[in-house]
Structures are given as C-alpha cells and as structure tokens.
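Enquirer: For reference, the file model31.csv (CSV, N, CA and C atoms) is included below:
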chain,number,residue,atom,x,y,z
A,1,MET,N,43.0,41.9,57.8
A,1,MET,CA,41.7,41.2,58.1
A,1,MET,C,40.8,41.4,56.9
A,2,PRO,N,40.3,40.3,56.4
A,2,PRO,CA,39.4,40.3,55.2
A,2,PRO,C,38.2,41.1,55.3
A,3,GLY,N,37.8,41.8,54.3
A,3,GLY,CA,36.6,42.7,54.4
A,3,GLY,C,36.8,44.0,55.1
A,4,HIS,N,38.0,44.2,55.7
A,4,HIS,CA,38.2,45.4,56.4
A,4,HIS,C,38.6,46.6,55.4
A,5,VAL,N,37.9,47.7,55.6
A,5,VAL,CA,38.2,48.9,54.7
A,5,VAL,C,39.1,49.8,55.5
A,6,PRO,N,40.3,50.0,55.0
A,6,PRO,CA,41.3,50.9,55.7
A,6,PRO,C,40.6,52.3,56.0
A,7,LYS,N,41.0,52.8,57.1
A,7,LYS,CA,40.4,54.1,57.6
A,7,LYS,C,40.5,55.2,56.5
A,8,LEU,N,41.7,55.3,55.9
A,8,LEU,CA,41.9,56.3,54.9
A,8,LEU,C,40.9,56.2,53.7
A,9,VAL,N,40.8,55.0,53.2
A,9,VAL,CA,39.8,54.7,52.1
A,9,VAL,C,38.4,55.1,52.5
A,10,GLU,N,38.1,54.8,53.7
A,10,GLU,CA,36.7,55.1,54.2
A,10,GLU,C,36.5,56.6,54.3
A,11,GLU,N,37.5,57.3,54.8
A,11,GLU,CA,37.5,58.8,54.8
A,11,GLU,C,37.3,59.4,53.4
A,12,VAL,N,38.1,58.9,52.5
A,12,VAL,CA,38.1,59.5,51.2
A,12,VAL,C,36.7,59.2,50.6
A,13,ALA,N,36.2,58.0,50.7
A,13,ALA,CA,34.9,57.7,50.2
A,13,ALA,C,33.8,58.5,50.8
A,14,SER,N,33.9,58.8,52.1
A,14,SER,CA,32.8,59.6,52.7
A,14,SER,C,32.9,61.1,52.3
A,15,ASN,N,34.1,61.6,51.9
A,15,ASN,CA,34.3,62.9,51.4
A,15,ASN,C,33.8,63.1,50.0
A,16,LEU,N,33.7,62.1,49.2
A,16,LEU,CA,33.3,62.2,47.8
A,16,LEU,C,31.9,62.8,47.7
A,17,SER,N,31.0,62.5,48.6
A,17,SER,CA,29.7,63.0,48.6
A,17,SER,C,29.6,64.5,48.8
A,18,THR,N,30.7,65.1,49.4
A,18,THR,CA,30.7,66.5,49.6
A,18,THR,C,31.3,67.3,48.5
A,19,LEU,N,31.9,66.7,47.5
A,19,LEU,CA,32.6,67.4,46.4
A,19,LEU,C,31.5,67.8,45.4
A,20,PRO,N,31.7,69.0,44.8
A,20,PRO,CA,30.8,69.4,43.8
A,20,PRO,C,31.0,68.6,42.5
A,21,TYR,N,29.9,68.3,41.8
A,21,TYR,CA,30.0,67.5,40.6
A,21,TYR,C,30.4,68.5,39.5
A,22,PRO,N,31.4,68.2,38.7
A,22,PRO,CA,31.8,69.1,37.6
A,22,PRO,C,30.7,69.3,36.6
A,23,SER,N,30.7,70.5,36.0
A,23,SER,CA,29.8,70.8,34.9
A,23,SER,C,30.4,70.4,33.6
A,24,ILE,N,29.6,70.0,32.7
A,24,ILE,CA,30.0,69.7,31.3
A,24,ILE,C,29.4,70.6,30.3
A,25,GLY,N,30.1,70.8,29.2
A,25,GLY,CA,29.6,71.6,28.1
A,25,GLY,C,29.6,70.8,26.9
A,26,ILE,N,28.6,71.1,26.0
A,26,ILE,CA,28.4,70.3,24.8
A,26,ILE,C,28.0,71.2,23.7
A,27,ASP,N,28.6,71.1,22.5
A,27,ASP,CA,28.2,71.8,21.3
A,27,ASP,C,27.1,70.9,20.6
A,28,ILE,N,26.3,71.6,19.8
A,28,ILE,CA,25.2,70.9,19.1
A,28,ILE,C,25.7,70.4,17.8
A,29,ASP,N,26.0,71.3,16.9
A,29,ASP,CA,26.3,70.9,15.5
A,29,ASP,C,27.5,70.1,15.3
A,30,GLY,N,27.4,68.9,14.7
A,30,GLY,CA,28.6,68.1,14.5
A,30,GLY,C,29.0,67.4,15.7
A,31,CYS,N,28.3,67.5,16.8
A,31,CYS,CA,28.7,67.0,18.1
A,31,CYS,C,27.5,66.2,18.7
A,32,ALA,N,26.6,66.9,19.4
A,32,ALA,CA,25.5,66.3,20.0
A,32,ALA,C,24.6,65.7,19.0
A,33,ASP,N,24.4,66.3,17.8
A,33,ASP,CA,23.6,65.8,16.8
A,33,ASP,C,24.2,64.7,16.0
A,34,GLU,N,25.5,64.5,16.1
A,34,GLU,CA,26.3,63.4,15.5
A,34,GLU,C,26.2,62.1,16.4
A,35,ALA,N,26.1,62.3,17.7
A,35,ALA,CA,26.1,61.1,18.6
A,35,ALA,C,25.0,61.3,19.6
A,36,PRO,N,23.7,61.4,19.2
A,36,PRO,CA,22.6,61.8,20.1
A,36,PRO,C,22.4,60.7,21.2
A,37,ILE,N,22.6,59.5,20.9
A,37,ILE,CA,22.3,58.4,21.9
A,37,ILE,C,23.3,58.6,23.0
A,38,PHE,N,24.6,58.8,22.7
A,38,PHE,CA,25.7,59.0,23.7
A,38,PHE,C,25.4,60.2,24.5
A,39,PHE,N,25.0,61.4,23.9
A,39,PHE,CA,24.8,62.6,24.7
A,39,PHE,C,23.5,62.6,25.4
A,40,SER,N,22.5,61.8,24.9
A,40,SER,CA,21.3,61.7,25.7
A,40,SER,C,21.6,60.9,27.0
A,41,LEU,N,22.3,59.8,26.9
A,41,LEU,CA,22.6,59.0,28.1
A,41,LEU,C,23.6,59.8,29.0
A,42,LEU,N,24.6,60.4,28.4
A,42,LEU,CA,25.5,61.2,29.3
A,42,LEU,C,24.8,62.2,30.1
A,43,THR,N,24.0,63.0,29.4
A,43,THR,CA,23.3,64.1,30.1
A,43,THR,C,22.2,63.6,31.1
A,44,LYS,N,21.6,62.5,30.8
A,44,LYS,CA,20.6,61.9,31.7
A,44,LYS,C,21.2,61.6,33.0
A,45,TYR,N,22.4,61.0,33.0
A,45,TYR,CA,23.0,60.5,34.2
A,45,TYR,C,24.1,61.4,34.8
A,46,TRP,N,24.4,62.5,34.1
A,46,TRP,CA,25.4,63.4,34.6
A,46,TRP,C,24.9,64.0,35.9
A,47,LEU,N,25.7,64.0,37.0
A,47,LEU,CA,25.2,64.6,38.2
A,47,LEU,C,25.4,66.1,38.3
A,48,GLY,N,26.4,66.6,37.5
A,48,GLY,CA,26.6,68.1,37.5
A,48,GLY,C,25.7,68.8,36.5
A,49,LYS,N,25.9,70.1,36.4
A,49,LYS,CA,25.2,70.9,35.4
A,49,LYS,C,25.6,70.6,34.0
A,50,VAL,N,24.7,70.7,33.1
A,50,VAL,CA,24.9,70.5,31.7
A,50,VAL,C,24.7,71.8,30.9
A,51,PHE,N,25.7,72.3,30.3
A,51,PHE,CA,25.6,73.5,29.5
A,51,PHE,C,25.7,73.1,28.1
A,52,VAL,N,24.8,73.6,27.2
A,52,VAL,CA,24.9,73.5,25.8
A,52,VAL,C,25.3,74.8,25.3
A,53,ILE,N,26.5,74.9,24.6
A,53,ILE,CA,27.1,76.1,24.1
A,53,ILE,C,27.3,75.9,22.6
A,54,SER,N,26.5,76.7,21.9
A,54,SER,CA,26.6,76.5,20.4
A,54,SER,C,26.7,77.8,19.7
A,55,PHE,N,27.5,77.7,18.6
A,55,PHE,CA,27.8,78.9,17.7
A,55,PHE,C,26.7,78.9,16.7
A,56,ARG,N,25.5,79.4,17.1
A,56,ARG,CA,24.4,79.6,16.2
A,56,ARG,C,23.5,80.7,16.8
A,57,SER,N,22.5,81.1,16.0
A,57,SER,CA,21.6,82.2,16.4
A,57,SER,C,20.2,81.8,16.6
A,58,ASP,N,19.7,80.7,16.2
A,58,ASP,CA,18.3,80.3,16.2
A,58,ASP,C,18.1,79.4,17.5
A,59,ARG,N,17.6,80.1,18.6
A,59,ARG,CA,17.4,79.4,19.8
A,59,ARG,C,16.3,78.3,19.7
A,60,ALA,N,15.2,78.7,19.0
A,60,ALA,CA,14.1,77.7,18.9
A,60,ALA,C,14.6,76.4,18.2
A,61,LYS,N,15.4,76.5,17.2
A,61,LYS,CA,15.9,75.4,16.5
A,61,LYS,C,16.9,74.6,17.4
A,62,ALA,N,17.7,75.3,18.1
A,62,ALA,CA,18.6,74.6,19.0
A,62,ALA,C,17.9,73.8,20.1
A,63,GLU,N,16.9,74.4,20.7
A,63,GLU,CA,16.0,73.8,21.7
A,63,GLU,C,15.3,72.6,21.1
A,64,SER,N,14.9,72.7,19.8
A,64,SER,CA,14.2,71.6,19.1
A,64,SER,C,15.1,70.4,18.9
A,65,VAL,N,16.4,70.7,18.5
A,65,VAL,CA,17.4,69.6,18.3
A,65,VAL,C,17.6,68.9,19.6
A,66,LEU,N,17.8,69.6,20.7
A,66,LEU,CA,18.0,69.0,22.0
A,66,LEU,C,16.8,68.1,22.5
A,67,ALA,N,15.6,68.7,22.3
A,67,ALA,CA,14.4,68.0,22.7
A,67,ALA,C,14.2,66.7,21.9
A,68,ALA,N,14.4,66.8,20.6
A,68,ALA,CA,14.2,65.7,19.7
A,68,ALA,C,15.2,64.6,20.0
A,69,ASN,N,16.3,64.9,20.5
A,69,ASN,CA,17.4,63.9,20.8
A,69,ASN,C,17.4,63.6,22.3
A,70,ASN,N,16.5,64.1,23.1
A,70,ASN,CA,16.4,63.8,24.5
A,70,ASN,C,17.7,64.1,25.2
A,71,ILE,N,18.3,65.3,24.9
A,71,ILE,CA,19.5,65.7,25.5
A,71,ILE,C,19.2,66.8,26.6
A,72,ARG,N,19.5,66.5,27.8
A,72,ARG,CA,19.3,67.4,29.0
A,72,ARG,C,20.1,68.6,28.8
A,73,CYS,N,19.6,69.7,29.2
A,73,CYS,CA,20.3,71.0,29.1
A,73,CYS,C,19.8,71.9,30.3
A,74,ASP,N,20.8,72.2,31.2
A,74,ASP,CA,20.4,73.1,32.3
A,74,ASP,C,20.5,74.5,31.9
A,75,GLU,N,21.4,74.8,30.9
A,75,GLU,CA,21.4,76.2,30.3
A,75,GLU,C,21.9,76.1,28.9
A,76,LEU,N,21.2,76.7,28.0
A,76,LEU,CA,21.5,76.8,26.6
A,76,LEU,C,22.1,78.2,26.4
A,77,ILE,N,23.3,78.2,25.8
A,77,ILE,CA,24.0,79.5,25.6
A,77,ILE,C,24.4,79.5,24.1
A,78,LEU,N,23.9,80.5,23.4
A,78,LEU,CA,24.2,80.7,22.0
A,78,LEU,C,25.3,81.8,21.9
A,79,VAL,N,26.3,81.5,21.1
A,79,VAL,CA,27.4,82.5,21.0
A,79,VAL,C,27.6,82.8,19.5
A,80,ASN,N,28.4,83.9,19.2
A,80,ASN,CA,28.7,84.3,17.9
A,80,ASN,C,30.1,84.2,17.5
A,81,SER,N,31.0,83.5,18.3
A,81,SER,CA,32.4,83.4,18.0
A,81,SER,C,33.0,82.2,18.8
A,82,PHE,N,34.1,81.7,18.3
A,82,PHE,CA,34.8,80.6,19.1
A,82,PHE,C,35.3,81.2,20.4
A,83,GLU,N,35.8,82.5,20.3
A,83,GLU,CA,36.4,83.1,21.5
A,83,GLU,C,35.3,83.3,22.5
A,84,ALA,N,34.1,83.6,22.1
A,84,ALA,CA,33.0,83.8,23.1
A,84,ALA,C,32.7,82.4,23.8
A,85,LYS,N,32.8,81.4,23.0
A,85,LYS,CA,32.5,80.0,23.5
A,85,LYS,C,33.6,79.7,24.6
A,86,ALA,N,34.8,80.0,24.3
A,86,ALA,CA,35.9,79.7,25.3
A,86,ALA,C,35.7,80.6,26.5
A,87,ARG,N,35.3,81.8,26.4
A,87,ARG,CA,35.1,82.8,27.5
A,87,ARG,C,34.0,82.2,28.4
A,88,ILE,N,32.9,81.8,27.8
A,88,ILE,CA,31.7,81.3,28.6
A,88,ILE,C,32.1,80.0,29.3
A,89,ILE,N,32.9,79.2,28.7
A,89,ILE,CA,33.3,77.9,29.3
A,89,ILE,C,34.1,78.3,30.6
A,90,SER,N,35.0,79.3,30.5
A,90,SER,CA,35.8,79.7,31.6
A,90,SER,C,34.9,80.3,32.7
A,91,GLU,N,34.0,81.2,32.3
A,91,GLU,CA,33.1,81.9,33.3
A,91,GLU,C,32.2,81.0,34.0
A,92,LYS,N,31.8,79.9,33.4
A,92,LYS,CA,30.8,79.0,34.0
A,92,LYS,C,31.6,77.9,34.8
A,93,GLY,N,32.9,77.9,34.7
A,93,GLY,CA,33.7,76.8,35.4
A,93,GLY,C,33.4,75.4,34.8
A,94,ILE,N,33.2,75.3,33.6
A,94,ILE,CA,32.9,74.0,33.0
A,94,ILE,C,34.2,73.2,33.0
A,95,GLY,N,34.1,71.9,33.4
A,95,GLY,CA,35.3,71.1,33.6
A,95,GLY,C,35.6,70.2,32.4
A,96,VAL,N,34.6,69.9,31.6
A,96,VAL,CA,34.8,69.1,30.4
A,96,VAL,C,33.9,69.7,29.3
A,97,PHE,N,34.5,69.8,28.1
A,97,PHE,CA,33.7,70.4,27.0
A,97,PHE,C,33.9,69.5,25.7
A,98,PHE,N,32.8,69.2,25.1
A,98,PHE,CA,32.7,68.4,23.9
A,98,PHE,C,32.4,69.3,22.7
A,99,ASP,N,33.3,69.2,21.6
A,99,ASP,CA,33.1,69.9,20.4
A,99,ASP,C,33.7,69.1,19.3
A,100,ASP,N,33.3,69.4,18.0
A,100,ASP,CA,33.9,68.7,16.9
A,100,ASP,C,34.9,69.6,16.1
A,101,GLN,N,35.0,70.9,16.5
A,101,GLN,CA,35.9,71.8,15.8
A,101,GLN,C,37.1,72.2,16.6
A,102,PRO,N,38.3,71.8,16.1
A,102,PRO,CA,39.5,72.2,16.9
A,102,PRO,C,39.6,73.7,17.0
A,103,GLU,N,39.1,74.5,16.1
A,103,GLU,CA,39.1,75.9,16.2
A,103,GLU,C,38.3,76.4,17.4
A,104,ALA,N,37.3,75.7,17.8
A,104,ALA,CA,36.5,76.0,19.0
A,104,ALA,C,37.2,75.6,20.2
A,105,LEU,N,38.1,74.6,20.2
A,105,LEU,CA,38.8,74.1,21.3
A,105,LEU,C,40.1,74.8,21.7
A,106,LYS,N,40.7,75.4,20.7
A,106,LYS,CA,42.1,75.9,20.9
A,106,LYS,C,42.2,77.0,21.9
A,107,ASN,N,41.2,77.8,22.2
A,107,ASN,CA,41.3,78.9,23.1
A,107,ASN,C,40.7,78.5,24.5
A,108,ILE,N,40.3,77.3,24.7
A,108,ILE,CA,39.8,76.9,26.0
A,108,ILE,C,40.9,76.7,27.0
A,109,SER,N,40.7,77.2,28.2
A,109,SER,CA,41.7,77.2,29.3
A,109,SER,C,42.1,75.7,29.5
A,110,PRO,N,43.4,75.5,29.9
A,110,PRO,CA,43.9,74.2,30.2
A,110,PRO,C,43.2,73.6,31.4
A,111,SER,N,42.5,74.4,32.2
A,111,SER,CA,41.8,73.8,33.3
A,111,SER,C,40.5,73.0,32.9
A,112,CYS,N,40.1,73.2,31.7
A,112,CYS,CA,39.0,72.4,31.1
A,112,CYS,C,39.5,71.3,30.2
A,113,GLN,N,39.0,70.1,30.5
A,113,GLN,CA,39.3,69.0,29.5
A,113,GLN,C,38.5,69.2,28.3
A,114,VAL,N,39.1,68.9,27.1
A,114,VAL,CA,38.3,69.0,25.9
A,114,VAL,C,38.2,67.6,25.2
A,115,MET,N,37.1,67.4,24.6
A,115,MET,CA,36.8,66.1,24.0
A,115,MET,C,36.4,66.4,22.5
A,116,LEU,N,37.3,66.0,21.6
A,116,LEU,CA,37.0,66.2,20.2
A,116,LEU,C,36.2,65.1,19.6
A,117,VAL,N,35.0,65.4,19.2
A,117,VAL,CA,34.1,64.4,18.6
A,117,VAL,C,34.4,64.3,17.1
A,118,ARG,N,34.6,63.0,16.7
A,118,ARG,CA,35.0,62.7,15.3
A,118,ARG,C,33.8,62.7,14.4
A,119,ASN,N,33.9,63.3,13.3
A,119,ASN,CA,32.9,63.2,12.3
A,119,ASN,C,33.5,63.5,10.9
A,120,GLY,N,32.7,63.4,9.9
A,120,GLY,CA,33.2,63.6,8.5
A,120,GLY,C,33.8,65.0,8.2
A,121,GLY,N,33.5,65.9,9.1
A,121,GLY,CA,34.1,67.3,8.9
A,121,GLY,C,35.5,67.4,9.4
A,122,ASN,N,35.9,66.5,10.3
A,122,ASN,CA,37.2,66.7,10.9
A,122,ASN,C,38.1,65.4,10.8
A,123,PHE,N,37.5,64.4,10.2
A,123,PHE,CA,38.2,63.1,10.0
A,123,PHE,C,38.0,62.5,8.7
A,124,ASP,N,39.0,62.2,7.9
A,124,ASP,CA,38.9,61.6,6.6
A,124,ASP,C,38.9,60.1,6.8
A,125,PHE,N,37.7,59.5,6.7
A,125,PHE,CA,37.5,58.1,7.0
A,125,PHE,C,38.2,57.2,6.0
A,126,ASP,N,38.3,57.7,4.7
A,126,ASP,CA,39.0,56.9,3.7
A,126,ASP,C,40.5,56.8,4.0
A,127,ASP,N,41.1,58.0,4.3
A,127,ASP,CA,42.6,58.0,4.6
A,127,ASP,C,42.9,57.7,6.1
A,128,GLN,N,41.9,57.6,6.9
A,128,GLN,CA,42.0,57.3,8.3
A,128,GLN,C,43.0,58.4,9.0
A,129,LYS,N,42.7,59.7,8.7
A,129,LYS,CA,43.5,60.8,9.2
A,129,LYS,C,42.6,61.9,9.7
A,130,TRP,N,43.0,62.6,10.8
A,130,TRP,CA,42.4,63.8,11.2
A,130,TRP,C,42.7,64.9,10.3
A,131,MET,N,41.7,65.8,10.1
A,131,MET,CA,41.9,67.0,9.3
A,131,MET,C,42.0,68.2,10.1
A,132,PHE,N,43.1,68.9,10.1
A,132,PHE,CA,43.3,70.1,10.8
A,132,PHE,C,43.8,71.2,9.9
A,133,SER,N,43.6,72.5,10.3
A,133,SER,CA,44.1,73.6,9.5
A,133,SER,C,45.5,74.0,10.1
A,134,LYS,N,46.2,74.9,9.5
A,134,LYS,CA,47.5,75.3,10.0
A,134,LYS,C,47.3,76.0,11.4
A,135,GLU,N,46.1,76.5,11.6
A,135,GLU,CA,45.8,77.2,12.9
A,135,GLU,C,45.6,76.3,14.0
A,136,THR,N,45.2,75.0,13.7
A,136,THR,CA,44.9,74.1,14.8
A,136,THR,C,45.7,72.8,14.9
A,137,GLY,N,46.5,72.6,13.8
A,137,GLY,CA,47.3,71.3,13.8
A,137,GLY,C,48.8,71.6,13.7
A,138,LYS,N,49.5,70.6,14.2
A,138,LYS,CA,51.0,70.7,14.1
A,138,LYS,C,51.4,69.3,13.8
A,139,LEU,N,52.2,69.2,12.7
A,139,LEU,CA,52.7,67.9,12.3
A,139,LEU,C,53.9,67.5,13.2
A,140,VAL,N,53.8,66.3,13.8
A,140,VAL,CA,54.9,65.9,14.7
A,140,VAL,C,55.6,64.7,14.2
Before we go any further, please render this structure as structure tokens.
Expert:
Amino acid sequence: MPGHVPKLVEEVASNLSTLPYPSIGIDIDGCADEAPIFFSLLTKYWLGKVFVISFRSDRAKAESVLAANNIRCDELILVNSFEAKARIISEKGIGVFFDDQPEALKNISPSCQVMLVRNGGNFDFDDQKWMFSKETGKLV
C-alpha cells in the first residue's frame, strides 16, 4: 500500500530518539584552526557532547582560538602527551575524534572512529602524498 510505513521501520525510527548521541573530540592545532568553518558548523549542530582535547598548556589561548572561530566546546581538556590524549578519549567514551597528527591517533582504541585532517604538515600538496613516519605509516 503506497505511503505505508512498515511496522519495523516505524519501531526503529521511534527508538532513535532514545539513543544517546555520540560524543566527538576535536584537536585544535592543525585541525580546528585549519578548518574553522567546518568545525564551527559541526559543533553548532552536533547533538552530543563536544570535547576539545589539545596537546598544549595555555588554556586561555586555547579558549581564545575556540571563541574566535565560534567552535562550541562542552569540555576543554589540555594534555601533555599523545598517550594522555588517547586515554582521555577512552575515558570520556568519545565516538569520533578529529586530529591532524597520526602520532596522536595511533593509540586510540578501535571503538573510536578517527578522522585525519589534512594540512601542510601531514600532506605534501606538490607530490600529492601523505607524509608519515616509520612509527605511523606502513607502505603497502
């Protein structure tokens, strides 16, 4: 019958509103500051929590970068190592994390999706190739 929604589809759709929205995590340097319009829009409309996790020590400057670029942040966490970044991502249950450094992404649990943001520090635009170290890349 035209226009009829099968009962299963209706049930699934009604259950979507009861699911928790996943949290996202975003790095600042080489990431949020490289694509501020994207991250401003993403964080504005993201229904889950937004964590900004950055390997830096100056909280005031980090807050200033986020404010200047209109990037929503439910919690700003500053860390002093890539391992600490991965630990925080796991502890907070972050489902998707954006960073520009493969070194920061390699220790993140497989339960978190990672998004590598391309910039001049990790991509050679002249050669059209990603740049990785022996620690983060494997030639296939």
Enquirer: Tell me which of A:Val140, A:Phe125, A:Cys112, A:Arg118 sits closest to Glu34 of chain A, counting only N, CA and C atoms.
Expert: A:Arg118
Enquirer: Show me, as a ChimeraX atom specification, the residues that have an atom within 8 Å of segment 45-48 of chain A when counting only N, CA and C atoms, minus same-chain residues fewer than 3 positions from it.
Expert: /A:20-24,39-42,51,74
Enquirer: With DSSP run on the backbone, what are the alpha helix (DSSP H) residues within chain A? I'd like them as a short mmCIF file (atom, residue, chain, number, x, y, z; two decimals) with N, CA and C atoms, keeping the file's coordinate frame.
Expert:
data_model
loop_
_atom_site.label_atom_id
_atom_site.label_comp_id
_atom_site.auth_asym_id
_atom_site.auth_seq_id
_atom_site.Cartn_x
_atom_site.Cartn_y
_atom_site.Cartn_z
N LYS A 7 41.00 52.80 57.10
CA LYS A 7 40.40 54.10 57.60
C LYS A 7 40.50 55.20 56.50
N LEU A 8 41.70 55.30 55.90
CA LEU A 8 41.90 56.30 54.90
C LEU A 8 40.90 56.20 53.70
N VAL A 9 40.80 55.00 53.20
CA VAL A 9 39.80 54.70 52.10
C VAL A 9 38.40 55.10 52.50
N GLU A 10 38.10 54.80 53.70
CA GLU A 10 36.70 55.10 54.20
C GLU A 10 36.50 56.60 54.30
N GLU A 11 37.50 57.30 54.80
CA GLU A 11 37.50 58.80 54.80
C GLU A 11 37.30 59.40 53.40
N VAL A 12 38.10 58.90 52.50
CA VAL A 12 38.10 59.50 51.20
C VAL A 12 36.70 59.20 50.60
N ALA A 13 36.20 58.00 50.70
CA ALA A 13 34.90 57.70 50.20
C ALA A 13 33.80 58.50 50.80
N SER A 14 33.90 58.80 52.10
CA SER A 14 32.80 59.60 52.70
C SER A 14 32.90 61.10 52.30
N ASN A 15 34.10 61.60 51.90
CA ASN A 15 34.30 62.90 51.40
C ASN A 15 33.80 63.10 50.00
N LEU A 16 33.70 62.10 49.20
CA LEU A 16 33.30 62.20 47.80
C LEU A 16 31.90 62.80 47.70
N PRO A 36 23.70 61.40 19.20
CA PRO A 36 22.60 61.80 20.10
C PRO A 36 22.40 60.70 21.20
N ILE A 37 22.60 59.50 20.90
CA ILE A 37 22.30 58.40 21.90
C ILE A 37 23.30 58.60 23.00
N PHE A 38 24.60 58.80 22.70
CA PHE A 38 25.70 59.00 23.70
C PHE A 38 25.40 60.20 24.50
N PHE A 39 25.00 61.40 23.90
CA PHE A 39 24.80 62.60 24.70
C PHE A 39 23.50 62.60 25.40
N SER A 40 22.50 61.80 24.90
CA SER A 40 21.30 61.70 25.70
C SER A 40 21.60 60.90 27.00
N LEU A 41 22.30 59.80 26.90
CA LEU A 41 22.60 59.00 28.10
C LEU A 41 23.60 59.80 29.00
N LEU A 42 24.60 60.40 28.40
CA LEU A 42 25.50 61.20 29.30
C LEU A 42 24.80 62.20 30.10
N THR A 43 24.00 63.00 29.40
CA THR A 43 23.30 64.10 30.10
C THR A 43 22.20 63.60 31.10
N LYS A 44 21.60 62.50 30.80
CA LYS A 44 20.60 61.90 31.70
C LYS A 44 21.20 61.60 33.00
N TYR A 45 22.40 61.00 33.00
CA TYR A 45 23.00 60.50 34.20
C TYR A 45 24.10 61.40 34.80
N ARG A 59 17.60 80.10 18.60
CA ARG A 59 17.40 79.40 19.80
C ARG A 59 16.30 78.30 19.70
N ALA A 60 15.20 78.70 19.00
CA ALA A 60 14.10 77.70 18.90
C ALA A 60 14.60 76.40 18.20
N LYS A 61 15.40 76.50 17.20
CA LYS A 61 15.90 75.40 16.50
C LYS A 61 16.90 74.60 17.40
N ALA A 62 17.70 75.30 18.10
CA ALA A 62 18.60 74.60 19.00
C ALA A 62 17.90 73.80 20.10
N GLU A 63 16.90 74.40 20.70
CA GLU A 63 16.00 73.80 21.70
C GLU A 63 15.30 72.60 21.10
N SER A 64 14.90 72.70 19.80
CA SER A 64 14.20 71.60 19.10
C SER A 64 15.10 70.40 18.90
N VAL A 65 16.40 70.70 18.50
CA VAL A 65 17.40 69.60 18.30
C VAL A 65 17.60 68.90 19.60
N LEU A 66 17.80 69.60 20.70
CA LEU A 66 18.00 69.00 22.00
C LEU A 66 16.80 68.10 22.50
N ALA A 67 15.60 68.70 22.30
CA ALA A 67 14.40 68.00 22.70
C ALA A 67 14.20 66.70 21.90
N ALA A 68 14.40 66.80 20.60
CA ALA A 68 14.20 65.70 19.70
C ALA A 68 15.20 64.60 20.00
N PHE A 82 34.10 81.70 18.30
CA PHE A 82 34.80 80.60 19.10
C PHE A 82 35.30 81.20 20.40
N GLU A 83 35.80 82.50 20.30
CA GLU A 83 36.40 83.10 21.50
C GLU A 83 35.30 83.30 22.50
N ALA A 84 34.10 83.60 22.10
CA ALA A 84 33.00 83.80 23.10
C ALA A 84 32.70 82.40 23.80
N LYS A 85 32.80 81.40 23.00
CA LYS A 85 32.50 80.00 23.50
C LYS A 85 33.60 79.70 24.60
N ALA A 86 34.80 80.00 24.30
CA ALA A 86 35.90 79.70 25.30
C ALA A 86 35.70 80.60 26.50
N ARG A 87 35.30 81.80 26.40
CA ARG A 87 35.10 82.80 27.50
C ARG A 87 34.00 82.20 28.40
N ILE A 88 32.90 81.80 27.80
CA ILE A 88 31.70 81.30 28.60
C ILE A 88 32.10 80.00 29.30
N ILE A 89 32.90 79.20 28.70
CA ILE A 89 33.30 77.90 29.30
C ILE A 89 34.10 78.30 30.60
N SER A 90 35.00 79.30 30.50
CA SER A 90 35.80 79.70 31.60
C SER A 90 34.90 80.30 32.70
N GLU A 91 34.00 81.20 32.30
CA GLU A 91 33.10 81.90 33.30
C GLU A 91 32.20 81.00 34.00
N LYS A 92 31.80 79.90 33.40
CA LYS A 92 30.80 79.00 34.00
C LYS A 92 31.60 77.90 34.80
N PRO A 102 38.30 71.80 16.10
CA PRO A 102 39.50 72.20 16.90
C PRO A 102 39.60 73.70 17.00
N GLU A 103 39.10 74.50 16.10
CA GLU A 103 39.10 75.90 16.20
C GLU A 103 38.30 76.40 17.40
N ALA A 104 37.30 75.70 17.80
CA ALA A 104 36.50 76.00 19.00
C ALA A 104 37.20 75.60 20.20
N LEU A 105 38.10 74.60 20.20
CA LEU A 105 38.80 74.10 21.30
C LEU A 105 40.10 74.80 21.70
#
Enquirer: Pick out each residue of chain A that DSSP on the backbone tags as strand (DSSP E or B); I need them as a list in words.
Expert: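 Restricting chain A to strand (DSSP E or B) produces Ser23, Ile24, Gly25, Ile26, Val50, Phe51, Val52, Ile53, Ser54, Phe55, Glu75, Leu76, Ile77, Leu78, Val79, Ile94, Gly95, Val96, Phe97, Phe98, Asp99, Gln113, Val114, Met115, Leu116, Phe123, Asp124, Lys129 and Trp130 of chain A.
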Enquirer: Pick the closest to Asp33 of chain A from A:Ala60, A:Val50, A:Leu66, A:Leu116: which is it, counting all atoms listed in the file?
Expert: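 Once distances to Asp33 of chain A are computed over all atoms listed in the file, the minimum belongs to A:Leu66.
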Enquirer: Grab the atom CA of Ser81 of chain A to atom CA of Glu103 of chain A distance for me, in Å with one decimal place.
Expert: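 For atom CA of Ser81 of chain A relative to atom CA of Glu103 of chain A, the distance reads 10.2 Å.
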Enquirer: Determine, counting only N, CA and C atoms, which protein, DNA and RNA residues have an atom within 6.5 Å of an atom of Asn80 of chain A; residues of the same chain fewer than 5 positions away are not included. Present the result as an MDAnalysis selection string.
Expert: chainID A and resid 54:56 85
Enquirer: Give me segment 85-90 of chain A with N, CA, C and O atoms filled in, as a CSV table (one decimal), in the coordinates of the input.
Expert:
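This is the output file out-v5.csv:
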chain,number,residue,atom,x,y,z
A,85,LYS,N,32.8,81.4,23.0
A,85,LYS,CA,32.5,80.0,23.5
A,85,LYS,C,33.6,79.7,24.6
A,85,LYS,O,33.2,79.3,25.7
A,86,ALA,N,34.8,80.0,24.3
A,86,ALA,CA,35.9,79.7,25.3
A,86,ALA,C,35.7,80.6,26.5
A,86,ALA,O,35.9,80.1,27.7
A,87,ARG,N,35.3,81.8,26.4
A,87,ARG,CA,35.1,82.8,27.5
A,87,ARG,C,34.0,82.2,28.4
A,87,ARG,O,34.1,82.2,29.6
A,88,ILE,N,32.9,81.8,27.8
A,88,ILE,CA,31.7,81.3,28.6
A,88,ILE,C,32.1,80.0,29.3
A,88,ILE,O,31.8,79.9,30.5
A,89,ILE,N,32.9,79.2,28.7
A,89,ILE,CA,33.3,77.9,29.3
A,89,ILE,C,34.1,78.3,30.6
A,89,ILE,O,34.0,77.7,31.6
A,90,SER,N,35.0,79.3,30.5
A,90,SER,CA,35.8,79.7,31.6
A,90,SER,C,34.9,80.3,32.7
A,90,SER,O,35.0,80.0,33.9
